[in-house]
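The data block below is work_23.pdb; it holds PDB, C-alpha atoms, pLDDT in the B column.
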```
MODEL        1
ATOM      1  CA  MET A1403     -17.336   1.909 -21.900  1.00 79.00           C
ATOM      2  CA  MET A1404     -15.320  -0.087 -19.397  1.00 88.00           C
ATOM      3  CA  GLY A1405     -15.592   1.221 -15.856  1.00 94.00           C
ATOM      4  CA  TRP A1406     -18.890   2.987 -16.439  1.00 96.00           C
ATOM      5  CA  ARG A1407     -19.398   3.077 -12.685  1.00 97.00           C
ATOM      6  CA  ALA A1408     -15.780   3.686 -11.671  1.00 98.00           C
ATOM      7  CA  ARG A1409     -12.234   2.894 -12.743  1.00 98.00           C
ATOM      8  CA  LEU A1410      -9.797   1.820 -10.052  1.00 98.00           C
ATOM      9  CA  GLY A1411      -6.047   1.700 -10.632  1.00 98.00           C
ATOM     10  CA  PHE A1412      -3.563  -0.245  -8.522  1.00 98.00           C
ATOM     11  CA  LEU A1413       0.212   0.150  -8.215  1.00 98.00           C
ATOM     12  CA  VAL A1414       1.440  -3.381  -7.514  1.00 98.00           C
ATOM     13  CA  PRO A1415       4.865  -4.767  -6.497  1.00 96.00           C
ATOM     14  CA  PRO A1416       6.523  -6.548  -9.440  1.00 95.00           C
ATOM     15  CA  GLY A1417       6.369 -10.096  -8.046  1.00 95.00           C
ATOM     16  CA  ASN A1418       2.995  -9.879  -6.293  1.00 97.00           C
ATOM     17  CA  PRO A1419       0.574 -12.473  -7.750  1.00 97.00           C
ATOM     18  CA  THR A1420      -2.202 -11.840  -5.222  1.00 98.00           C
ATOM     19  CA  VAL A1421      -3.500  -8.302  -5.744  1.00 98.00           C
ATOM     20  CA  GLU A1422      -5.081  -8.761  -9.174  1.00 98.00           C
ATOM     21  CA  PRO A1423      -7.136 -11.905  -8.415  1.00 98.00           C
ATOM     22  CA  GLU A1424      -8.235 -10.674  -4.986  1.00 98.00           C
ATOM     23  CA  MET A1425      -9.309  -7.261  -6.311  1.00 98.00           C
ATOM     24  CA  MET A1426     -11.178  -8.946  -9.172  1.00 98.00           C
ATOM     25  CA  GLN A1427     -12.949 -11.113  -6.620  1.00 98.00           C
ATOM     26  CA  LEU A1428     -14.134  -8.020  -4.720  1.00 98.00           C
ATOM     27  CA  ALA A1429     -15.016  -5.663  -7.594  1.00 97.00           C
ATOM     28  CA  PRO A1430     -18.736  -4.859  -8.022  1.00 97.00           C
ATOM     29  CA  LEU A1431     -20.487  -4.762 -11.391  1.00 96.00           C
ATOM     30  CA  GLY A1432     -19.536  -1.702 -13.461  1.00 97.00           C
ATOM     31  CA  VAL A1433     -16.175  -1.178 -11.729  1.00 98.00           C
ATOM     32  CA  SER A1434     -13.126  -1.831 -13.908  1.00 98.00           C
ATOM     33  CA  LEU A1435      -9.684  -2.588 -12.497  1.00 98.00           C
ATOM     34  CA  HIS A1436      -6.352  -1.519 -13.967  1.00 98.00           C
ATOM     35  CA  PHE A1437      -2.843  -2.377 -12.805  1.00 98.00           C
ATOM     36  CA  SER A1438       0.677  -1.028 -13.137  1.00 98.00           C
ATOM     37  CA  ARG A1439       3.821  -2.539 -11.652  1.00 97.00           C
ATOM     38  CA  LEU A1440       6.148  -0.815  -9.233  1.00 97.00           C
ATOM     39  CA  MET A1441       9.849  -1.056 -10.041  1.00 95.00           C
ATOM     40  CA  ALA A1442      12.518  -3.089  -8.252  1.00 90.00           C
ATOM     41  CA  SER A1443      15.211  -5.486  -9.362  1.00 84.00           C
ATOM     42  CA  GLY A1444      16.289  -8.851  -7.996  1.00 81.00           C
ATOM     43  CA  VAL A1445      14.320 -11.446  -6.048  1.00 86.00           C
ATOM     44  CA  THR A1446      10.858 -10.376  -4.889  1.00 89.00           C
ATOM     45  CA  GLY A1447       8.758 -11.485  -1.938  1.00 90.00           C
ATOM     46  CA  THR A1448      11.587 -12.544   0.362  1.00 91.00           C
ATOM     47  CA  PRO A1449      11.786 -11.194   3.925  1.00 87.00           C
ATOM     48  CA  GLU A1450      15.381 -10.217   3.211  1.00 89.00           C
ATOM     49  CA  GLY A1451      15.698  -7.039   1.174  1.00 88.00           C
ATOM     50  CA  GLN A1452      12.202  -5.749   1.941  1.00 89.00           C
ATOM     51  CA  GLU A1453      13.350  -2.266   2.948  1.00 92.00           C
ATOM     52  CA  ALA A1454      15.543  -1.889  -0.148  1.00 90.00           C
ATOM     53  CA  ARG A1455      12.622  -2.930  -2.367  1.00 93.00           C
ATOM     54  CA  ASN A1456      10.323  -0.480  -0.599  1.00 90.00           C
ATOM     55  CA  ARG A1457      12.747   2.346  -1.304  1.00 92.00           C
ATOM     56  CA  SER A1458      13.062   1.287  -4.948  1.00 92.00           C
ATOM     57  CA  TYR A1459       9.273   1.281  -5.365  1.00 93.00           C
ATOM     58  CA  LEU A1460       9.069   4.780  -3.932  1.00 94.00           C
ATOM     59  CA  ALA A1461      12.021   6.103  -5.949  1.00 94.00           C
ATOM     60  CA  HIS A1462      10.407   5.048  -9.249  1.00 95.00           C
ATOM     61  CA  ILE A1463       6.727   5.339  -8.382  1.00 97.00           C
ATOM     62  CA  ASP A1464       6.142   8.422 -10.535  1.00 97.00           C
ATOM     63  CA  ASN A1465       6.885   6.417 -13.686  1.00 96.00           C
ATOM     64  CA  SER A1466       4.569   3.582 -12.665  1.00 97.00           C
ATOM     65  CA  ALA A1467       1.822   6.057 -11.747  1.00 98.00           C
ATOM     66  CA  ALA A1468       2.199   7.934 -15.045  1.00 97.00           C
ATOM     67  CA  LEU A1469       1.553   4.719 -16.986  1.00 97.00           C
ATOM     68  CA  LEU A1470      -1.470   3.899 -14.848  1.00 98.00           C
ATOM     69  CA  ALA A1471      -2.840   7.425 -15.241  1.00 98.00           C
ATOM     70  CA  MET A1472      -3.191   6.823 -18.994  1.00 98.00           C
ATOM     71  CA  VAL A1473      -6.386   4.819 -18.363  1.00 98.00           C
ATOM     72  CA  HIS A1474      -7.792   7.755 -16.340  1.00 98.00           C
ATOM     73  CA  PRO A1475      -8.651   5.957 -13.095  1.00 98.00           C
ATOM     74  CA  ASP A1476     -11.002   7.674 -10.670  1.00 98.00           C
ATOM     75  CA  VAL A1477      -8.909   6.314  -7.794  1.00 98.00           C
ATOM     76  CA  MET A1478      -5.277   5.193  -7.760  1.00 98.00           C
ATOM     77  CA  VAL A1479      -4.162   2.837  -4.984  1.00 98.00           C
ATOM     78  CA  LEU A1480      -0.643   2.157  -3.754  1.00 98.00           C
ATOM     79  CA  ALA A1481      -1.263  -1.569  -3.258  1.00 98.00           C
ATOM     80  CA  HIS A1482       1.695  -2.187  -0.986  1.00 97.00           C
ATOM     81  CA  THR A1483       1.225  -1.709   2.727  1.00 96.00           C
ATOM     82  CA  ALA A1484       4.876  -1.802   3.788  1.00 94.00           C
ATOM     83  CA  SER A1485       5.866   1.119   1.548  1.00 95.00           C
ATOM     84  CA  SER A1486       3.952   3.365   3.928  1.00 95.00           C
ATOM     85  CA  TYR A1487       5.796   1.788   6.845  1.00 95.00           C
ATOM     86  CA  THR A1488       9.036   3.018   5.234  1.00 94.00           C
ATOM     87  CA  LEU A1489       7.680   6.533   4.752  1.00 93.00           C
ATOM     88  CA  SER A1490       7.127   9.001   7.568  1.00 84.00           C
ATOM     89  CA  GLN A1491       3.605  10.384   8.059  1.00 88.00           C
ATOM     90  CA  GLU A1492       4.741  13.577   6.346  1.00 91.00           C
ATOM     91  CA  GLY A1493       6.367  11.594   3.548  1.00 93.00           C
ATOM     92  CA  GLU A1494       3.193   9.616   2.897  1.00 95.00           C
ATOM     93  CA  ARG A1495       1.096  12.790   2.744  1.00 95.00           C
ATOM     94  CA  ALA A1496       3.599  14.385   0.352  1.00 96.00           C
ATOM     95  CA  LEU A1497       3.600  11.307  -1.887  1.00 97.00           C
ATOM     96  CA  ILE A1498      -0.200  11.286  -2.117  1.00 98.00           C
ATOM     97  CA  ALA A1499      -0.314  15.006  -2.920  1.00 97.00           C
ATOM     98  CA  ARG A1500       2.347  14.668  -5.629  1.00 97.00           C
ATOM     99  CA  LEU A1501       0.722  11.689  -7.317  1.00 98.00           C
ATOM    100  CA  GLU A1502      -2.700  13.332  -7.217  1.00 98.00           C
ATOM    101  CA  LYS A1503      -1.317  16.434  -8.898  1.00 97.00           C
ATOM    102  CA  GLN A1504       0.443  14.389 -11.572  1.00 96.00           C
ATOM    103  CA  SER A1505      -2.361  11.914 -12.290  1.00 97.00           C
ATOM    104  CA  GLY A1506      -5.552  13.881 -11.728  1.00 97.00           C
ATOM    105  CA  ALA A1507      -6.907  10.912  -9.752  1.00 98.00           C
ATOM    106  CA  HIS A1508      -7.719  10.500  -6.105  1.00 98.00           C
ATOM    107  CA  VAL A1509      -4.772   8.644  -4.555  1.00 98.00           C
ATOM    108  CA  ILE A1510      -4.914   6.373  -1.521  1.00 98.00           C
ATOM    109  CA  THR A1511      -2.475   3.937   0.085  1.00 98.00           C
ATOM    110  CA  ALA A1512      -3.195   0.477   1.437  1.00 98.00           C
ATOM    111  CA  ALA A1513      -1.870   1.508   4.847  1.00 97.00           C
ATOM    112  CA  GLY A1514      -3.919   4.700   4.844  1.00 98.00           C
ATOM    113  CA  ALA A1515      -6.988   2.615   4.033  1.00 98.00           C
ATOM    114  CA  VAL A1516      -6.249   0.445   7.066  1.00 98.00           C
ATOM    115  CA  LEU A1517      -6.249   3.511   9.312  1.00 98.00           C
ATOM    116  CA  GLN A1518      -9.569   4.699   7.899  1.00 98.00           C
ATOM    117  CA  ALA A1519     -11.030   1.224   8.329  1.00 98.00           C
ATOM    118  CA  PHE A1520     -10.172   1.240  12.029  1.00 98.00           C
ATOM    119  CA  THR A1521     -11.790   4.667  12.394  1.00 98.00           C
ATOM    120  CA  HIS A1522     -14.887   3.471  10.539  1.00 98.00           C
ATOM    121  CA  LEU A1523     -15.168   0.402  12.774  1.00 98.00           C
ATOM    122  CA  GLY A1524     -14.659   2.538  15.883  1.00 98.00           C
ATOM    123  CA  VAL A1525     -11.837   0.437  17.293  1.00 97.00           C
ATOM    124  CA  HIS A1526      -8.623   1.522  19.011  1.00 98.00           C
ATOM    125  CA  LYS A1527      -7.174  -1.685  20.466  1.00 98.00           C
ATOM    126  CA  ILE A1528      -6.033  -4.016  17.707  1.00 98.00           C
ATOM    127  CA  ALA A1529      -4.203  -7.248  16.984  1.00 98.00           C
ATOM    128  CA  LEU A1530      -1.616  -7.106  14.180  1.00 98.00           C
ATOM    129  CA  ALA A1531      -0.596 -10.096  12.043  1.00 98.00           C
ATOM    130  CA  THR A1532       2.175  -9.792   9.448  1.00 98.00           C
ATOM    131  CA  PRO A1533       4.071 -12.011   6.981  1.00 97.00           C
ATOM    132  CA  TYR A1534       7.195  -9.841   7.166  1.00 96.00           C
ATOM    133  CA  ALA A1535      10.570 -10.074   8.827  1.00 94.00           C
ATOM    134  CA  GLU A1536      10.754  -8.718  12.375  1.00 96.00           C
ATOM    135  CA  SER A1537      12.237  -5.369  11.289  1.00 95.00           C
ATOM    136  CA  THR A1538       9.440  -4.611   8.807  1.00 95.00           C
ATOM    137  CA  SER A1539       6.815  -5.932  11.218  1.00 96.00           C
ATOM    138  CA  GLN A1540       8.060  -3.552  13.898  1.00 97.00           C
ATOM    139  CA  GLN A1541       7.882  -0.693  11.382  1.00 96.00           C
ATOM    140  CA  GLY A1542       4.246  -1.614  10.771  1.00 96.00           C
ATOM    141  CA  LYS A1543       3.501  -1.721  14.489  1.00 97.00           C
ATOM    142  CA  ALA A1544       5.151   1.697  14.931  1.00 97.00           C
ATOM    143  CA  TYR A1545       3.148   3.112  11.990  1.00 96.00           C
ATOM    144  CA  LEU A1546      -0.143   2.055  13.568  1.00 97.00           C
ATOM    145  CA  GLU A1547       0.851   3.298  17.011  1.00 97.00           C
ATOM    146  CA  ALA A1548       1.961   6.650  15.571  1.00 96.00           C
ATOM    147  CA  HIS A1549      -1.599   7.078  14.326  1.00 96.00           C
ATOM    148  CA  GLY A1550      -3.070   6.541  17.787  1.00 97.00           C
ATOM    149  CA  LEU A1551      -3.843   2.819  17.725  1.00 98.00           C
ATOM    150  CA  GLN A1552      -2.950   0.495  20.595  1.00 98.00           C
ATOM    151  CA  VAL A1553      -1.473  -2.815  19.417  1.00 98.00           C
ATOM    152  CA  VAL A1554      -2.486  -5.318  22.098  1.00 98.00           C
ATOM    153  CA  GLY A1555      -1.794  -8.450  20.060  1.00 98.00           C
ATOM    154  CA  TYR A1556       1.092  -8.993  17.672  1.00 98.00           C
ATOM    155  CA  GLY A1557       2.719 -11.785  15.709  1.00 98.00           C
ATOM    156  CA  ARG A1558       4.222 -12.722  12.374  1.00 96.00           C
ATOM    157  CA  LEU A1559       4.410 -15.813  10.219  1.00 96.00           C
ATOM    158  CA  ASP A1560       7.275 -18.148  11.044  1.00 94.00           C
ATOM    159  CA  ASN A1561       9.594 -19.670   8.455  1.00 94.00           C
ATOM    160  CA  VAL A1562       8.538 -17.493   5.548  1.00 95.00           C
ATOM    161  CA  ARG A1563      10.716 -18.175   2.519  1.00 94.00           C
ATOM    162  CA  ASN A1564       8.695 -15.971   0.187  1.00 95.00           C
ATOM    163  CA  ILE A1565       5.498 -14.071   1.021  1.00 94.00           C
ATOM    164  CA  TYR A1566       4.090 -14.880  -2.406  1.00 96.00           C
ATOM    165  CA  GLU A1567       4.242 -18.613  -1.678  1.00 96.00           C
ATOM    166  CA  GLU A1568       2.105 -18.300   1.464  1.00 97.00           C
ATOM    167  CA  THR A1569      -1.501 -19.464   1.811  1.00 97.00           C
ATOM    168  CA  ALA A1570      -4.809 -18.266   3.222  1.00 98.00           C
ATOM    169  CA  ALA A1571      -4.696 -21.191   5.647  1.00 98.00           C
ATOM    170  CA  ARG A1572      -1.488 -19.854   7.166  1.00 98.00           C
ATOM    171  CA  ALA A1573      -3.046 -16.387   7.373  1.00 98.00           C
ATOM    172  CA  TYR A1574      -6.026 -17.904   9.203  1.00 98.00           C
ATOM    173  CA  HIS A1575      -3.890 -19.587  11.866  1.00 98.00           C
ATOM    174  CA  LEU A1576      -1.754 -16.469  12.307  1.00 98.00           C
ATOM    175  CA  ALA A1577      -4.824 -14.291  12.893  1.00 98.00           C
ATOM    176  CA  ARG A1578      -6.050 -16.680  15.568  1.00 98.00           C
ATOM    177  CA  GLN A1579      -2.595 -16.683  17.141  1.00 98.00           C
ATOM    178  CA  VAL A1580      -2.323 -12.890  17.465  1.00 98.00           C
ATOM    179  CA  ASP A1581      -5.852 -12.300  18.723  1.00 98.00           C
ATOM    180  CA  THR A1582      -6.276 -11.357  22.376  1.00 98.00           C
ATOM    181  CA  PRO A1583      -9.377 -10.718  24.508  1.00 98.00           C
ATOM    182  CA  GLU A1584      -8.462  -7.016  24.601  1.00 98.00           C
ATOM    183  CA  ALA A1585      -8.276  -6.667  20.811  1.00 98.00           C
ATOM    184  CA  GLU A1586     -11.359  -5.063  19.290  1.00 98.00           C
ATOM    185  CA  ALA A1587     -10.342  -6.081  15.757  1.00 98.00           C
ATOM    186  CA  VAL A1588      -7.671  -8.111  13.964  1.00 98.00           C
ATOM    187  CA  PHE A1589      -5.701  -6.741  11.018  1.00 98.00           C
ATOM    188  CA  ILE A1590      -3.675  -8.948   8.633  1.00 98.00           C
ATOM    189  CA  SER A1591      -1.034  -6.849   6.888  1.00 98.00           C
ATOM    190  CA  GLY A1592       0.433  -7.473   3.432  1.00 97.00           C
ATOM    191  CA  THR A1593      -1.225  -7.328   0.000  1.00 98.00           C
ATOM    192  CA  GLY A1594       0.796 -10.345  -1.160  1.00 97.00           C
ATOM    193  CA  LEU A1595      -0.607 -12.647   1.531  1.00 98.00           C
ATOM    194  CA  PRO A1596      -3.865 -14.330   0.400  1.00 98.00           C
ATOM    195  CA  THR A1597      -6.646 -13.598   2.898  1.00 98.00           C
ATOM    196  CA  LEU A1598     -10.062 -13.326   1.233  1.00 98.00           C
ATOM    197  CA  ALA A1599     -10.966 -16.986   1.703  1.00 98.00           C
ATOM    198  CA  VAL A1600     -10.650 -16.841   5.498  1.00 98.00           C
ATOM    199  CA  LEU A1601     -11.827 -13.395   6.644  1.00 98.00           C
ATOM    200  CA  ASP A1602     -15.490 -14.271   7.077  1.00 98.00           C
ATOM    201  CA  MET A1603     -14.762 -17.501   8.962  1.00 98.00           C
ATOM    202  CA  LEU A1604     -12.276 -15.668  11.189  1.00 98.00           C
ATOM    203  CA  GLU A1605     -14.957 -13.161  12.133  1.00 98.00           C
ATOM    204  CA  HIS A1606     -17.328 -15.995  13.028  1.00 98.00           C
ATOM    205  CA  ASP A1607     -14.638 -17.789  15.039  1.00 98.00           C
ATOM    206  CA  LEU A1608     -13.185 -14.758  16.834  1.00 98.00           C
ATOM    207  CA  ARG A1609     -16.463 -12.805  17.088  1.00 98.00           C
ATOM    208  CA  LYS A1610     -14.894  -9.498  16.122  1.00 98.00           C
ATOM    209  CA  PRO A1611     -13.993  -7.604  12.924  1.00 98.00           C
ATOM    210  CA  VAL A1612     -11.133  -9.090  10.912  1.00 98.00           C
ATOM    211  CA  PHE A1613      -9.789  -7.439   7.780  1.00 98.00           C
ATOM    212  CA  SER A1614      -6.679  -7.396   5.623  1.00 98.00           C
ATOM    213  CA  SER A1615      -4.758  -4.926   3.504  1.00 98.00           C
ATOM    214  CA  ALA A1616      -6.723  -6.256   0.518  1.00 98.00           C
ATOM    215  CA  THR A1617     -10.193  -5.590   1.883  1.00 98.00           C
ATOM    216  CA  ALA A1618      -9.176  -2.254   3.417  1.00 98.00           C
ATOM    217  CA  MET A1619      -7.840  -0.839   0.146  1.00 98.00           C
ATOM    218  CA  MET A1620     -10.806  -2.024  -1.945  1.00 98.00           C
ATOM    219  CA  TRP A1621     -13.236  -0.747   0.688  1.00 98.00           C
ATOM    220  CA  LEU A1622     -11.674   2.723   0.676  1.00 98.00           C
ATOM    221  CA  ALA A1623     -11.185   2.802  -3.101  1.00 98.00           C
ATOM    222  CA  LEU A1624     -14.894   2.139  -3.651  1.00 98.00           C
ATOM    223  CA  ARG A1625     -15.952   4.681  -1.060  1.00 98.00           C
ATOM    224  CA  THR A1626     -13.590   7.265  -2.548  1.00 98.00           C
ATOM    225  CA  ALA A1627     -15.079   6.573  -5.995  1.00 98.00           C
ATOM    226  CA  ARG A1628     -18.554   6.943  -4.465  1.00 97.00           C
ATOM    227  CA  VAL A1629     -19.565   3.399  -5.331  1.00 97.00           C
ATOM    228  CA  GLY A1630     -21.944   1.941  -2.773  1.00 94.00           C
ATOM    229  CA  SER A1631     -22.172  -1.824  -2.587  1.00 90.00           C
ATOM    230  CA  CYS A1632     -22.761  -4.472   0.076  1.00 88.00           C
ATOM    231  CA  ILE A1633     -20.114  -7.087  -0.685  1.00 95.00           C
ATOM    232  CA  SER A1634     -20.769 -10.123   1.490  1.00 95.00           C
ATOM    233  CA  GLY A1635     -18.580 -13.063   2.376  1.00 97.00           C
ATOM    234  CA  TYR A1636     -15.369 -11.126   3.117  1.00 98.00           C
ATOM    235  CA  GLY A1637     -15.932  -9.734   6.594  1.00 97.00           C
ATOM    236  CA  CYS A1638     -17.999  -6.892   7.991  1.00 97.00           C
ATOM    237  CA  LEU A1639     -15.854  -4.112   6.512  1.00 98.00           C
ATOM    238  CA  MET A1640     -16.736  -4.998   2.914  1.00 97.00           C
ATOM    239  CA  ALA A1641     -20.418  -5.110   3.830  1.00 95.00           C
ATOM    240  CA  THR A1642     -20.266  -1.382   4.646  1.00 91.00           C
ATOM    241  CA  VAL A1643     -18.927   0.062   1.368  1.00 88.00           C
TER     242      VAL A1643
ENDMDL
END
```

Rewrite the structure of this file - the entire thing - as structure tokens.
Amino acid sequence: MMGWRARLGFLVPPGNPTVEPEMMQLAPLGVSLHFSRLMASGVTGTPEGQEARNRSYLAHIDNSAALLAMVHPDVMVLAHTASSYTLSQEGERALIARLEKQSGAHVITAAGAVLQAFTHLGVHKIALATPYAESTSQQGKAYLEAHGLQVVGYGRLDNVRNIYEETAARAYHLARQVDTPEAEAVFISGTGLPTLAVLDMLEHDLRKPVFSSATAMMWLALRTARVGSCISGYGCLMATV
């Protein structure tokens, strides 16, 4: 049987080419991965129109989740960090409760996983790196601050035409740019931005925890599914599953 250890399901934006390969790279033996696409029309991945796409994903998410639920995942992940930035705290809690009732699975969000990762690491002062437009980036900063975190370093990628055309090298340089001496950890937001190749080297260079939306959501999905595994090479967070 596939997923004899756990089945993880991911709700992925329609144009995102990054989630599947990065989750496959992180998955331990015996854990199967299953994907369903969120719904939006028009061009994907551009800084312009991000908020409208977020609202479309959320408006149609029940249909996407219902399809994913057919493979009976143990955990279902909203693999899009910025959707939570659009929702209020109450709205995010209500969404999770509704999807859990409909699917019978544990439901987590990428952004919620980020918050739990910070708690697990015991950090409160953070540096935030994003690939978004300024408006969405500020929403992300406000989301983190609303949950009690202090953002002491902040920056976003310049000249982004499409998030899905960006590289891990650009993510690396952005993380170094936003880091400050006060920051206890660096967080790179955005499941569409490739990050796995650079997280470990960033931790060696900056001498502090560095994680991304990708590692946070896999870390929490595995812990929620009660799968213990030391996954090395992707930063200290993944070594503590």

Could you give me, as a Markdown table, a per-residue list for stretch 1422-1498 of chain A showing, wherever an atom lies at most 10 Å from an atom of stretch 1577-1598 of chain A, the closest pair of atoms and their distance in Å to one decimal, using only C-alpha atoms and sorting by chain then residue number from low to high?
```
| residue | atom | partner | partner_atom | distance |
| --- | --- | --- | --- | --- |
| A:Pro1423 | CA | A:Pro1596 | CA | 9.7 |
| A:Glu1424 | CA | A:Leu1598 | CA | 7.0 |
| A:Met1425 | CA | A:Leu1598 | CA | 9.7 |
| A:Gln1427 | CA | A:Leu1598 | CA | 8.7 |
| A:Leu1428 | CA | A:Leu1598 | CA | 9.0 |
| A:Gly1447 | CA | A:Gly1594 | CA | 8.1 |
| A:Ala1481 | CA | A:Thr1593 | CA | 6.6 |
| A:His1482 | CA | A:Thr1593 | CA | 6.0 |
| A:Thr1483 | CA | A:Gly1592 | CA | 5.9 |
| A:Ala1484 | CA | A:Gly1592 | CA | 7.2 |
```

Shell around A:Thr1642 at 8 Å using only C-alpha atoms, local window under 5 positions removed, as a CSV table (one decimal) with C-alpha atoms, in the frame of the given file:
```
chain,number,residue,atom,x,y,z
A,1631,SER,CA,-22.2,-1.8,-2.6
A,1632,CYS,CA,-22.8,-4.5,0.1
A,1633,ILE,CA,-20.1,-7.1,-0.7
```

Give me the box for stretch 1528-1537 of chain A as JSON, namely the centre and edge lengths in Å to one decimal of a box along x, y and z that holds every listed atom plus 6 Å on each side.
```
{"center_x": 3.1, "center_y": -8.0, "center_z": 12.3, "size_x": 30.3, "size_y": 20.0, "size_z": 22.7}
```

Quick check on the file I pasted: which residues fall under the PyMOL selection byres ((chain A and resi 1556) around 8)? Write them as a PDB file with C-alpha atoms, in the frame of the given file.
```
ATOM      1  CA  ALA A1529      -4.203  -7.248  16.984  1.00 98.00           C
ATOM      2  CA  LEU A1530      -1.616  -7.106  14.180  1.00 98.00           C
ATOM      3  CA  ALA A1531      -0.596 -10.096  12.043  1.00 98.00           C
ATOM      4  CA  VAL A1553      -1.473  -2.815  19.417  1.00 98.00           C
ATOM      5  CA  VAL A1554      -2.486  -5.318  22.098  1.00 98.00           C
ATOM      6  CA  GLY A1555      -1.794  -8.450  20.060  1.00 98.00           C
ATOM      7  CA  GLY A1557       2.719 -11.785  15.709  1.00 98.00           C
ATOM      8  CA  ARG A1558       4.222 -12.722  12.374  1.00 96.00           C
ATOM      9  CA  VAL A1580      -2.323 -12.890  17.465  1.00 98.00           C
ATOM     10  CA  ASP A1581      -5.852 -12.300  18.723  1.00 98.00           C
TER      11      ASP A1581
END
```

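Compared by their closest atoms to A:Arg1455, and using all atoms listed in the file, the residues A:Ala1512, A:Pro1475, A:Thr1521, A:Thr1538 rank with A:Thr1538 nearest.
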
**Prompt:** Given the file above and the PyMOL selection byres ((chain A and resi 1418) around 9), which residues are selected, and can you give them as a PyMOL selection string?
**Reply:** chain A and resi 1414-1417+1419-1422+1446-1447+1565-1566+1593-1594

**Message:** As a check of understanding, name the residues that the PyMOL selection byres ((chain A and resi 1603) around 12) selects in the supplied structure, as an MDAnalysis selection string.
**Reply:** chainID A and resid 1570:1571 1573:1575 1577:1578 1597:1602 1604:1613 1635:1638

**Message:** Applying 12 Å and all atoms listed in the file, which residues near A:Met1472 remain after dropping the ones on its own chain fewer than 6 positions away? List them as a PyMOL selection string.
**Reply:** chain A and resi 1409+1411+1436-1438+1465-1466+1478+1504-1507

**Message:** With 10 Å as the threshold, what does the neighbourhood of (12.5, -3.8, -12.4) contain in terms of residues, counting all atoms listed in the file? Coordinates are those of the file; answer as a list in words.
**Reply:** Pro1415, Pro1416, Gly1417, Arg1439, Leu1440, Met1441, Ala1442, Ser1443, Gly1444, Ser1458, Tyr1459 and His1462 of chain A

**Message:** Set the distance at 6 Å and use only C-alpha atoms: which residues neighbour A:Gln1552 once local chain neighbours fewer than 5 positions away are removed? I'd like the list as number ranges by chain.
**Reply:** A: 1526-1527, 1547

**Prompt:** stretch 1622-1625 of chain A: which residues within 8 Å, counting all atoms listed in the file, same-chain residues fewer than 2 positions away excluded, as a list in words?
**Reply:**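 These residues fall inside the cut-off: Leu1410, Val1477, Met1478, Val1479, Ile1510, Ala1515, Gln1518, Ala1519, Ala1618, Met1619, Met1620, Ala1627, Arg1628, Val1629, Gly1630 and Val1643 of chain A.
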
**Asked** Could you name the residues that touch A:Gly1542 at 6 Å or less, counting only C-alpha atoms, but leaving out those on the same chain fewer than 3 positions away, as a list of chain:residue names?
**Response**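 So the residues in contact are A:Tyr1487, A:Ser1539, A:Tyr1545.
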
**Item:** Which of A:Glu1567, A:Leu1576, A:Leu1501, A:Gln1491 sits closest to A:Leu1546 [using only C-alpha atoms]
**Value:**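 That would be A:Gln1491, the residue with the smallest distance to A:Leu1546.
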
**Request:** Measuring atom to atom with all atoms listed in the file, identify which of A:Met1404, A:Ala1467, A:Leu1460, A:Leu1559 is nearest to A:Thr1488.
**Result:** A:Leu1460

**Prompt:** How many Å lie between atom CA of A:Pro1430 and atom CA of A:His1508, rounded to one decimal?
**Reply:**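 Atom CA of A:His1508 lies 19.0 Å from atom CA of A:Pro1430.
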
**Message:** Please report the interatomic distance between atom CA of A:Ser1614 and atom CA of A:Leu1517 in Å with one decimal.
**Reply:** 11.5 Å

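Between atom CA of A:Ser1486 and atom CA of A:Thr1511 lies a distance of 7.5 Å.
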
**Asked** Which residue out of A:Ala1535, A:Leu1435, A:Ala1499, A:Ile1463 has the minimum interatomic distance to A:Phe1412 when only C-alpha atoms are used?
**Response**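 So, comparing all the options, the nearest one is A:Leu1435.
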
**Request:** Kindly indicate which residue among A:Val1562, A:Glu1568, A:Arg1500, A:Val1473 lies nearest to A:Glu1536, using all atoms listed in the file for the distances.
**Result:**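 Using all atoms listed in the file, the shortest distance to A:Glu1536 belongs to A:Val1562.
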